[in-house]
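Trainee: input.txt (compact mmCIF, C-alpha atoms and all ligand atoms) pasted underneath:
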```txt
# COMPACT_ATOMS: atom_id res chain seq x y z
CA MET O 1 86.60 60.81 -9.41
CA LYS O 2 83.35 62.07 -7.97
CA ILE O 3 83.17 61.61 -4.21
CA THR O 4 79.95 60.25 -2.74
CA TYR O 5 80.33 61.39 0.83
CA MET O 6 78.31 59.45 3.38
CA ASP O 7 80.55 59.84 6.41
CA ASN O 8 79.09 62.98 7.94
CA ASN O 9 79.13 61.66 11.51
CA ALA O 10 82.92 61.57 11.14
CA THR O 11 83.09 65.10 9.79
CA THR O 12 81.21 67.43 7.47
CA ARG O 13 82.07 69.71 4.61
CA VAL O 14 82.39 73.36 5.67
CA ALA O 15 79.35 75.18 4.25
CA PRO O 16 80.21 77.86 1.67
CA GLU O 17 78.23 80.41 3.71
CA VAL O 18 80.38 79.55 6.75
CA MET O 19 83.59 79.92 4.75
CA GLU O 20 82.46 83.26 3.45
CA GLU O 21 81.78 84.52 6.96
CA MET O 22 85.11 83.23 8.27
CA SER O 23 87.37 84.34 5.48
CA PRO O 24 87.95 88.01 6.54
CA PHE O 25 89.12 86.76 9.94
CA MET O 26 92.00 84.89 8.36
CA ASP O 27 92.86 87.69 6.01
CA THR O 28 92.16 91.33 6.81
CA LEU O 29 90.66 91.06 10.31
CA TYR O 30 93.51 89.19 11.94
CA GLY O 31 93.75 91.27 15.14
CA ASN O 32 93.94 89.59 18.52
CA PRO O 33 90.48 89.86 20.10
CA SER O 34 92.11 90.61 23.50
CA SER O 35 94.04 93.63 22.18
CA MET O 36 93.27 97.14 23.37
CA HIS O 37 93.15 98.57 19.83
CA SER O 38 89.95 98.74 17.90
CA PHE O 39 91.42 96.54 15.14
CA GLY O 40 91.35 93.64 17.62
CA GLY O 41 88.14 94.96 19.16
CA GLN O 42 86.27 94.35 15.90
CA VAL O 43 87.15 90.68 16.18
CA GLN O 44 85.99 90.59 19.79
CA LYS O 45 82.65 92.01 18.64
CA SER O 46 82.25 89.29 16.03
CA ILE O 47 83.12 86.64 18.64
CA SER O 48 80.40 88.07 20.86
CA GLN O 49 77.98 87.86 17.96
CA ALA O 50 78.96 84.22 17.41
CA ARG O 51 78.35 83.51 21.10
CA GLU O 52 74.92 85.05 20.80
CA ARG O 53 74.14 82.97 17.73
CA VAL O 54 75.17 79.75 19.47
CA ALA O 55 73.23 80.68 22.60
CA SER O 56 70.17 81.60 20.61
CA ALA O 57 70.24 78.29 18.71
CA LEU O 58 70.53 76.40 22.02
CA ASP O 59 68.08 78.62 23.90
CA CYS O 60 70.48 79.58 26.66
CA SER O 61 72.30 82.71 27.71
CA PRO O 62 75.52 83.77 25.90
CA GLU O 63 77.40 83.78 29.24
CA GLU O 64 76.74 80.05 29.47
CA ILE O 65 78.74 79.33 26.28
CA ILE O 66 82.49 78.68 26.38
CA PHE O 67 84.24 78.21 23.05
CA THR O 68 86.51 75.17 22.95
CA SER O 69 88.57 73.24 20.43
CA GLY O 70 85.76 70.73 19.87
CA GLY O 71 83.74 67.93 21.39
CA THR O 72 86.61 66.10 23.06
CA GLU O 73 87.75 69.17 24.96
CA GLY O 74 84.18 70.03 25.94
CA ASP O 75 83.58 66.53 27.31
CA ASN O 76 86.85 66.55 29.24
CA ALA O 77 86.33 70.06 30.58
CA ALA O 78 82.83 69.20 31.83
CA ILE O 79 83.86 65.93 33.47
CA PHE O 80 86.89 67.40 35.22
CA ALA O 81 84.94 70.51 36.31
CA ALA O 82 82.30 68.31 37.94
CA ILE O 83 84.67 65.98 39.75
CA ASN O 84 87.18 68.63 40.82
CA ALA O 85 84.38 70.63 42.43
CA GLN O 86 83.36 67.62 44.57
CA PRO O 87 86.54 65.91 45.74
CA ASP O 88 84.67 63.74 48.26
CA LYS O 89 82.47 62.16 45.62
CA ARG O 90 84.29 59.34 43.86
CA HIS O 91 81.62 57.70 41.72
CA ILE O 92 80.66 58.46 38.12
CA VAL O 93 77.88 57.03 35.97
CA THR O 94 78.13 56.81 32.20
CA THR O 95 77.17 54.32 29.48
CA ARG O 96 78.85 51.57 27.52
CA VAL O 97 78.11 53.33 24.25
CA GLU O 98 79.78 56.71 24.81
CA HIS O 99 82.31 58.18 22.42
CA PRO O 100 85.95 57.63 23.49
CA ALA O 101 86.05 61.31 24.54
CA VAL O 102 83.91 60.29 27.53
CA LEU O 103 84.65 56.56 27.75
CA ASN O 104 88.42 56.89 27.87
CA THR O 105 88.20 59.79 30.31
CA ALA O 106 86.08 57.59 32.58
CA LYS O 107 88.61 54.75 32.21
CA TYR O 108 91.41 57.15 33.10
CA LEU O 109 89.51 58.24 36.20
CA GLU O 110 89.25 54.60 37.27
CA THR O 111 93.04 54.55 37.39
CA ARG O 112 92.82 57.59 39.71
CA GLY O 113 90.62 55.76 42.18
CA TYR O 114 87.18 56.64 40.84
CA GLU O 115 84.48 54.03 40.59
CA VAL O 116 82.60 54.14 37.31
CA THR O 117 79.24 52.52 36.51
CA TYR O 118 78.93 51.84 32.78
CA LEU O 119 75.22 51.45 32.04
CA PRO O 120 74.51 48.58 29.62
CA VAL O 121 72.25 48.78 26.57
CA ASP O 122 69.85 46.27 24.99
CA ASP O 123 70.19 44.78 21.53
CA THR O 124 68.88 47.93 19.88
CA GLY O 125 71.20 50.09 21.96
CA ARG O 126 68.55 51.41 24.37
CA LEU O 127 69.34 52.32 27.98
CA ASP O 128 67.14 51.27 30.87
CA ILE O 129 66.02 54.27 32.91
CA ASP O 130 65.54 52.11 36.02
CA GLN O 131 69.13 50.99 35.82
CA LEU O 132 70.18 54.61 35.74
CA ARG O 133 68.02 55.33 38.79
CA ASP O 134 69.47 52.34 40.65
CA SER O 135 73.04 53.34 39.85
CA LEU O 136 72.85 56.70 41.62
CA ARG O 137 74.62 56.90 44.98
CA GLN O 138 75.39 59.40 47.73
CA ASP O 139 78.91 59.73 46.37
CA THR O 140 77.95 60.06 42.67
CA ALA O 141 79.71 63.16 41.38
CA LEU O 142 78.45 63.13 37.80
CA VAL O 143 76.28 61.33 35.29
CA SER O 144 77.36 61.62 31.65
CA VAL O 145 75.03 60.29 28.95
CA MET O 146 75.33 61.16 25.28
CA TYR O 147 72.41 62.75 23.48
CA ALA O 148 72.82 60.79 20.29
CA ASN O 149 75.18 58.00 19.37
CA ASN O 150 77.74 58.58 16.64
CA GLU O 151 77.70 54.98 15.37
CA THR O 152 74.05 53.97 15.45
CA GLY O 153 72.38 57.38 15.58
CA ASN O 154 70.40 56.26 18.64
CA ILE O 155 68.84 59.14 20.52
CA TYR O 156 68.86 58.86 24.32
CA PRO O 157 66.13 60.21 26.62
CA VAL O 158 68.36 62.89 28.10
CA GLN O 159 65.43 65.04 29.19
CA GLU O 160 64.05 62.28 31.41
CA MET O 161 67.43 61.03 32.59
CA ALA O 162 68.66 64.50 33.51
CA ARG O 163 65.45 65.12 35.45
CA ILE O 164 65.94 61.95 37.53
CA VAL O 165 69.59 62.78 38.15
CA LYS O 166 68.92 66.42 39.04
CA GLU O 167 66.20 65.39 41.51
CA ARG O 168 69.01 63.65 43.40
CA GLY O 169 71.15 66.81 43.28
CA ILE O 170 73.76 65.20 41.02
CA LEU O 171 75.51 67.00 38.15
CA PHE O 172 74.59 65.90 34.62
CA HIS O 173 76.65 66.21 31.44
CA THR O 174 75.59 65.32 27.93
CA ASP O 175 77.80 64.85 24.89
CA ALA O 176 75.54 66.39 22.25
CA VAL O 177 78.13 66.39 19.46
CA GLN O 178 75.93 64.29 17.16
CA ALA O 179 72.65 65.86 18.22
CA ILE O 180 73.30 69.53 17.61
CA GLY O 181 71.72 70.79 14.44
CA LYS O 182 69.48 67.74 14.26
CA PHE O 183 66.87 68.84 16.85
CA ASN O 184 65.38 72.02 18.15
CA LEU O 185 67.14 71.63 21.43
CA SER O 186 66.20 74.05 24.21
CA LEU O 187 68.57 74.32 27.15
CA ASN O 188 65.98 76.43 28.87
CA SER O 189 63.93 73.29 29.42
CA LEU O 190 66.61 70.57 29.26
CA PRO O 191 67.89 70.23 32.85
CA VAL O 192 71.54 69.43 32.09
CA ASP O 193 74.48 71.18 33.75
CA TYR O 194 76.95 70.73 30.90
CA LEU O 195 76.54 70.07 27.18
CA ALA O 196 79.39 69.63 24.71
CA MET O 197 79.19 70.24 20.97
CA SER O 198 81.58 70.36 18.04
CA GLY O 199 81.79 72.56 14.94
CA HIS O 200 82.99 70.06 12.39
CA LYS O 201 79.86 67.91 12.66
CA ILE O 202 77.63 70.82 11.62
CA HIS O 203 79.45 72.25 8.59
CA ALA O 204 81.80 74.51 10.58
CA PRO O 205 85.56 73.83 10.57
CA LYS O 206 87.47 71.33 12.66
CA GLY O 207 89.12 72.50 15.87
CA VAL O 208 86.25 74.55 17.25
CA GLY O 209 83.35 73.71 19.50
CA ALA O 210 81.39 74.98 22.44
CA LEU O 211 80.63 73.89 25.96
CA PHE O 212 77.44 74.98 27.67
CA VAL O 213 77.87 75.40 31.41
CA ARG O 214 74.70 76.26 33.30
CA LYS O 215 75.03 79.40 35.42
CA LYS O 216 75.03 77.66 38.78
CA ALA O 217 77.07 74.60 37.73
CA PRO O 218 80.62 74.46 39.08
CA PHE O 219 83.32 75.21 36.56
CA ARG O 220 87.08 75.59 36.72
CA PRO O 221 89.15 76.08 33.58
CA PHE O 222 90.43 72.89 32.00
CA ILE O 223 93.07 74.86 30.10
CA MET O 224 94.85 77.45 32.18
CA GLY O 225 96.68 80.58 31.11
CA GLY O 226 95.28 83.94 29.98
CA HIS O 227 91.89 85.43 30.69
CA GLN O 228 90.13 84.57 27.46
CA GLU O 229 86.55 83.31 27.56
CA ASN O 230 85.96 85.20 30.77
CA GLY O 231 88.76 83.33 32.51
CA ARG O 232 87.21 79.94 31.74
CA ARG O 233 89.29 78.76 28.78
CA ALA O 234 92.74 80.17 28.22
CA GLY O 235 94.46 80.63 24.87
CA THR O 236 94.06 83.12 22.04
CA GLU O 237 90.69 82.51 20.47
CA ASN O 238 90.29 80.63 17.21
CA SER O 239 88.46 83.68 15.92
CA ALA O 240 87.73 82.48 12.39
CA GLY O 241 86.58 79.08 13.68
CA ILE O 242 84.35 80.61 16.35
CA ILE O 243 82.77 82.99 13.86
CA GLY O 244 82.24 80.06 11.47
CA LEU O 245 80.64 78.07 14.29
CA GLY O 246 78.23 80.93 14.98
CA ARG O 247 77.12 81.00 11.35
CA ALA O 248 76.90 77.20 11.15
CA MET O 249 74.69 77.09 14.25
CA GLU O 250 72.41 79.70 12.80
CA MET O 251 72.11 77.69 9.58
CA ALA O 252 71.67 74.38 11.41
CA SER O 253 68.73 75.68 13.38
CA GLN O 254 66.80 76.64 10.25
CA ASN O 255 64.40 74.19 8.59
CA ILE O 256 65.29 71.37 10.99
CA ASP O 257 61.97 69.58 10.56
CA GLN O 258 61.96 69.67 6.74
CA GLU O 259 65.59 68.61 6.61
CA ASN O 260 64.97 65.75 9.04
CA ALA O 261 62.07 64.53 6.92
CA ARG O 262 64.20 64.69 3.76
CA LEU O 263 67.11 62.86 5.40
CA ALA O 264 64.85 60.19 6.90
CA GLY O 265 63.45 59.61 3.40
CA LEU O 266 66.94 59.13 1.97
CA ARG O 267 68.02 56.91 4.85
CA ASP O 268 64.94 54.72 4.53
CA ARG O 269 65.43 54.46 0.76
CA LEU O 270 69.00 53.31 1.37
CA GLU O 271 68.07 50.79 4.07
CA GLN O 272 65.04 49.39 2.28
CA GLY O 273 66.97 49.10 -0.98
CA LEU O 274 69.76 47.16 0.72
CA ILE O 275 67.40 44.92 2.70
CA ASN O 276 65.56 44.08 -0.53
CA SER O 277 68.68 43.30 -2.52
CA VAL O 278 71.08 41.76 0.02
CA LYS O 279 70.18 38.71 2.09
CA ASN O 280 71.24 38.49 5.73
CA THR O 281 71.28 42.20 6.40
CA ARG O 282 70.41 43.84 9.69
CA ILE O 283 69.92 47.44 10.72
CA ASN O 284 71.58 48.28 14.03
CA GLY O 285 69.91 50.78 16.32
CA ASN O 286 66.67 51.78 17.92
CA PRO O 287 64.02 52.05 15.20
CA ASP O 288 61.92 54.33 17.41
CA ALA O 289 64.54 56.94 18.26
CA ARG O 290 67.31 57.30 15.71
CA LEU O 291 68.95 60.28 14.01
CA SER O 292 67.44 60.73 10.58
CA ASN O 293 70.87 60.96 8.93
CA THR O 294 72.45 57.78 10.32
CA SER O 295 72.23 54.21 9.12
CA ASN O 296 74.28 51.44 10.67
CA ILE O 297 73.94 48.24 8.65
CA SER O 298 75.54 44.83 9.11
CA PHE O 299 76.00 42.32 6.31
CA LYS O 300 76.48 38.78 7.56
CA TYR O 301 79.74 37.04 6.60
CA VAL O 302 81.30 40.16 5.16
CA GLU O 303 84.42 41.90 6.37
CA GLY O 304 83.59 45.59 6.83
CA GLU O 305 87.05 46.89 6.01
CA SER O 306 87.06 45.14 2.62
CA LEU O 307 83.64 46.55 1.95
CA LEU O 308 84.87 50.06 2.69
CA LEU O 309 87.92 49.61 0.47
CA MET O 310 85.82 48.39 -2.43
CA MET O 311 83.40 51.29 -2.01
CA ASP O 312 86.38 53.63 -1.77
CA VAL O 313 87.47 52.58 -5.27
CA LEU O 314 84.13 53.99 -6.46
CA GLY O 315 84.55 57.18 -4.41
CA ILE O 316 81.95 56.16 -1.83
CA CYS O 317 82.96 57.25 1.69
CA ALA O 318 81.45 55.51 4.73
CA SER O 319 82.72 54.09 8.04
CA SER O 320 83.17 50.60 9.35
CA GLY O 321 81.98 49.28 12.67
CA SER O 322 85.09 47.18 13.08
CA ALA O 323 88.77 47.34 12.44
CA CYS O 324 90.55 44.27 11.17
CA THR O 325 94.25 44.92 11.13
CA SER O 326 97.20 42.55 11.27
CA GLY O 327 95.11 39.63 12.41
CA SER O 328 93.59 41.35 15.41
CA LEU O 329 89.85 41.82 15.26
CA GLU O 330 88.48 44.75 17.17
CA PRO O 331 84.78 45.17 16.60
CA SER O 332 83.11 48.42 17.54
CA SER O 333 82.58 48.63 21.29
CA VAL O 334 79.14 50.15 20.70
CA LEU O 335 77.97 47.24 18.54
CA ARG O 336 79.53 44.77 20.95
CA ALA O 337 77.70 46.44 23.86
CA MET O 338 74.50 45.86 21.87
CA GLY O 339 75.41 42.21 21.42
CA VAL O 340 75.44 42.31 17.61
CA PRO O 341 76.40 38.72 16.69
CA PHE O 342 79.98 38.04 15.68
CA THR O 343 79.00 36.95 12.19
CA TYR O 344 77.38 40.33 11.61
CA VAL O 345 79.45 42.75 13.66
CA HIS O 346 82.48 42.65 11.37
CA GLY O 347 80.37 43.44 8.34
CA SER O 348 79.00 46.66 9.79
CA VAL O 349 79.00 49.88 7.85
CA ARG O 350 77.81 53.29 8.93
CA PHE O 351 76.37 55.63 6.34
CA SER O 352 75.80 59.16 7.63
CA LEU O 353 74.10 61.69 5.41
CA SER O 354 74.02 65.48 5.40
CA ARG O 355 72.17 68.40 3.88
CA TYR O 356 74.33 67.91 0.77
CA THR O 357 73.40 64.24 0.26
CA THR O 358 71.21 63.60 -2.80
CA GLU O 359 68.90 60.80 -3.93
CA GLU O 360 71.29 60.12 -6.85
CA GLU O 361 74.06 59.43 -4.37
CA VAL O 362 71.88 57.00 -2.43
CA ASP O 363 71.01 55.26 -5.70
CA LEU O 364 74.67 55.02 -6.63
CA VAL O 365 75.28 53.10 -3.40
CA LEU O 366 72.24 50.91 -4.07
CA ASP O 367 73.49 50.18 -7.60
CA ASN O 368 76.93 49.11 -6.43
CA LEU O 369 76.82 47.70 -2.92
CA PRO O 370 74.90 44.46 -3.55
CA GLY O 371 77.46 43.40 -6.20
CA ILE O 372 80.38 44.21 -3.92
CA ILE O 373 78.84 42.21 -1.07
CA SER O 374 78.18 39.21 -3.22
CA ARG O 375 81.80 39.26 -4.51
CA LEU O 376 83.11 39.50 -0.95
CA ARG O 377 80.91 36.65 0.18
CA ASP O 378 82.18 34.58 -2.75
CA ILE O 379 85.79 34.96 -1.70
CA SER O 380 86.61 35.00 1.95
CA PRO O 381 83.99 36.30 4.30
CA PHE O 382 86.26 37.02 7.22
CA CYS O 383 89.83 37.98 7.86
CA GLU O 384 92.55 35.61 6.75
CA GLY O 385 92.44 32.13 8.19
CA ARG O 386 88.97 32.50 9.66
CA GLU O 387 86.21 30.29 8.30
CA PRO O 388 82.74 31.70 7.78
CA GLY O 389 80.74 31.25 10.92
CA THR O 390 83.65 30.35 13.16
CA VAL O 391 83.67 32.31 16.33
CA SER O 392 86.67 33.27 18.36
CA PRO O 393 85.90 32.35 21.98
CA LYS O 394 86.65 35.97 22.87
CA TYR O 395 83.64 37.15 20.90
CA GLU O 396 81.27 34.25 21.32
CA ASN O 397 77.70 35.43 21.87
N1 LIG Q 401 81.46 62.91 20.93
C1 LIG Q 401 80.85 62.34 19.88
C2 LIG Q 401 79.53 61.67 20.07
C3 LIG Q 401 81.45 62.36 18.62
O1 LIG Q 401 80.85 61.78 17.59
C4 LIG Q 401 82.71 63.00 18.48
C5 LIG Q 401 83.42 62.99 17.19
O2 LIG Q 401 83.31 62.04 16.44
C6 LIG Q 401 83.29 63.60 19.60
C7 LIG Q 401 82.64 63.53 20.82
C8 LIG Q 401 84.60 64.32 19.52
O3 LIG Q 401 84.45 65.59 18.91
P1 LIG Q 401 85.70 66.34 18.31
O4 LIG Q 401 86.13 65.59 17.09
O5 LIG Q 401 85.19 67.71 17.98
O6 LIG Q 401 86.74 66.38 19.36
```
Spit out the file's structure as structure tokens when you get a sec.

Mentor:
Amino acid sequence: MKITYMDNNATTRVAPEVMEEMSPFMDTLYGNPSSMHSFGGQVQKSISQARERVASALDCSPEEIIFTSGGTEGDNAAIFAAINAQPDKRHIVTTRVEHPAVLNTAKYLETRGYEVTYLPVDDTGRLDIDQLRDSLRQDTALVSVMYANNETGNIYPVQEMARIVKERGILFHTDAVQAIGKFNLSLNSLPVDYLAMSGHKIHAPKGVGALFVRKKAPFRPFIMGGHQENGRRAGTENSAGIIGLGRAMEMASQNIDQENARLAGLRDRLEQGLINSVKNTRINGNPDARLSNTSNISFKYVEGESLLLMMDVLGICASSGSACTSGSLEPSSVLRAMGVPFTYVHGSVRFSLSRYTTEEEVDLVLDNLPGIISRLRDISPFCEGREPGTVSPKYEN
């Protein structure tokens, strides 16, 4: 069966050019980059080249890049570096729409005596800059705000927020996992202290990422052991992955504007087609600042998991904004933070496109989805035992 892959915010296909560049490092060039011999030294050289490629794409210095295992590690390393360097400051600011890599770390820190302010969002998922300003305190150790949201594609005004936070002398971290490769991002002019990114969202393999740490920002290793990464991240390097990440970054920073225009065209075709053919449909997110590859759509009185399963039969891959398992309904925390009504939130689907997505694939979804939705609405719109339109008090809006 042909796969129509529209789940690129979950992960992406490794680009053939990236595979080609990585392959010798899993085969003939398998030396340990820390070894004294030149066989390992060649690998070290290629890692340095990858660091330069990442730094050049982000407009920062190579010494400010630490290779990690991905976005989650980068987020954790940044947060713990910031708080461990300022033991007297026990307050953190983040948002209600962060990825679990930040949100669950913040929740863990609450159990360790930290106070966390979770900034709310409006019904399109926008943050209020004044609320950020008001949340800052003498004892604020760190502000962590994502650059772009994985579920809605919303882009946050990190430039402005970081400026406000830095004026108060507070450290700023951004989770840029979904933003990298989608903007010409310049760390030379973006006043953040830490920025985390991940390889597998930009056509590099899983299990590799990078953390930017600005020269003067405090940093202590999150993973301790050997002296790799200049003593900042222990463990034998994932050489092939790092080299793949370098190539993927180089590719991602080419033709960004043309690719964004193409993706926005496909996304709009998908959204408009669905709005025209399916009643009671809403697009979730900020129409004025959204990633061009991401579309989060809710279909009223439809159960998102069933929708995904029926699309799966046709080889269409997307993600749901809710999980309905064994009678417990857990809608997406991001959509709940935006106050998406109960009758819509469970029928939310995220389509996320990539450089490999074609117009034919979008049309395949448009040809099939309206029929699937109408069949689902004909049978039972919600999970077992729940009448259409009935609202559990827990989720009442
Ligand atoms: N942050 C965001 C916004 C993400 O979308 C993801 C992955 O979905 C992560 C962090 C975690 O990245 P990784 O899978 O590389 O650990």

Trainee: Considering all atoms listed in the file, can you say which of O:Arg137, O:Arg112, O:His173, O:His200 comes closest to ligand LIG 401 (chain Q)?

Mentor: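 For ligand LIG 401 (chain Q), the nearest of the candidates is O:His200.
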
Trainee: Go through O:Gly315, O:Gly153, O:Gly304, O:Gly371 one by one, measure the shortest atom-to-atom distance of each to ligand LIG 401 (chain Q) using only C-alpha atoms and all ligand atoms, and give the residue with the smallest value.

Mentor: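 Smallest separation from ligand LIG 401 (chain Q) among the options: O:Gly153.
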
Trainee: Residues within 7 Å of ligand LIG 401 (chain Q), counting all atoms listed in the file: report them as a list in words.

Mentor: Asn9, Ala10, Ser69, Gly70, Gly71, Thr72, Glu73, Glu98, His99, Ala101, Met146, Ala148, Asn149, Asn150, Asp175, Ala176, Val177, Gln178, Ser198, Gly199, His200, Lys206, Gly207, Val208 and Gly209 of chain O

Trainee: Work out how far CA of Glu330 in chain O is from CA of Val116 in chain O, in Å to one decimal.

Mentor: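 The value is 23.0 Å.
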
Trainee: Mind listing whatever residues come within 8 Å of the point (80.4, 67.8, -0.7)? Use only C-alpha atoms, file coordinates, and give them as a list in words.

Mentor: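 The residues that fall inside the cut-off are Ile3, Thr4, Tyr5, Arg13, Tyr356 and Thr357 of chain O.
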
Trainee: Ranking O:Lys279, O:Arg355, O:Lys216, O:His203 by minimum distance to Ala261 in chain O and counting only C-alpha atoms, which one comes first?

Mentor: O:Arg355

Trainee: CA of Asp88 in chain O to CA of Glu160 in chain O: how many Å, to one decimal?

Mentor: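 Separation of CA of Asp88 in chain O and CA of Glu160 in chain O: 26.7 Å.
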
Trainee: CA of Gly339 in chain O and CA of Val121 in chain O, how far apart in Å?

Mentor: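 Going from CA of Val121 in chain O over to CA of Gly339 in chain O covers 8.9 Å.
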
Trainee: Go through O:Ala264, O:Val365, O:Gln49, O:Lys300 and flag the residue nearest Pro341 in chain O, using all atoms listed in the file for the distances.

Mentor: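 Between O:Ala264, O:Val365, O:Gln49, O:Lys300, the residue approaching Pro341 in chain O most closely is O:Lys300.
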
Trainee: Skipping near chain neighbours, those fewer than 2 positions away, what residues fall within 12 Å of Asp288 in chain O using only C-alpha atoms, listed as a PDB file with C-alpha atoms, keeping the file's coordinate frame?

Mentor:
```
ATOM      1  CA  THR O 124      68.880  47.930  19.880  1.00  0.00           C
ATOM      2  CA  GLY O 125      71.200  50.090  21.960  1.00  0.00           C
ATOM      3  CA  ARG O 126      68.550  51.410  24.370  1.00  0.00           C
ATOM      4  CA  GLY O 153      72.380  57.380  15.580  1.00  0.00           C
ATOM      5  CA  ASN O 154      70.400  56.260  18.640  1.00  0.00           C
ATOM      6  CA  ILE O 155      68.840  59.140  20.520  1.00  0.00           C
ATOM      7  CA  TYR O 156      68.860  58.860  24.320  1.00  0.00           C
ATOM      8  CA  PRO O 157      66.130  60.210  26.620  1.00  0.00           C
ATOM      9  CA  ASN O 284      71.580  48.280  14.030  1.00  0.00           C
ATOM     10  CA  GLY O 285      69.910  50.780  16.320  1.00  0.00           C
ATOM     11  CA  ASN O 286      66.670  51.780  17.920  1.00  0.00           C
ATOM     12  CA  ARG O 290      67.310  57.300  15.710  1.00  0.00           C
ATOM     13  CA  LEU O 291      68.950  60.280  14.010  1.00  0.00           C
ATOM     14  CA  SER O 292      67.440  60.730  10.580  1.00  0.00           C
TER      15      SER O 292
END
```

Trainee: Name the residues in contact with Met26 in chain O at a cut-off of 12 Å, using only C-alpha atoms, excluding same-chain residues fewer than 6 positions from it; report them as number ranges by chain.

Mentor: O: 19-20, 32, 43, 238-244

Trainee: Find the residue from O:Glu64, O:Tyr301, O:Thr28, O:Asn184 that sits nearest to Ile379 in chain O; use all atoms listed in the file when measuring.

Mentor: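 Result for the nearest residue to Ile379 in chain O: O:Tyr301.
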
Trainee: If we count only C-alpha atoms, what is near Ser48 in chain O at a cut-off of 10 Å, once residues fewer than 6 positions away on the same chain are taken out, given as a PyMOL selection string?

Mentor: chain O and resi 42+54+62-63+242-243+246

Trainee: Find the residue from O:Met311, O:Ala289, O:Val145, O:Val349 that sits nearest to Leu103 in chain O; use all atoms listed in the file when measuring.

Mentor: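 Checking each of O:Met311, O:Ala289, O:Val145, O:Val349 against Leu103 in chain O, counting all atoms listed in the file, the winner is O:Val145.
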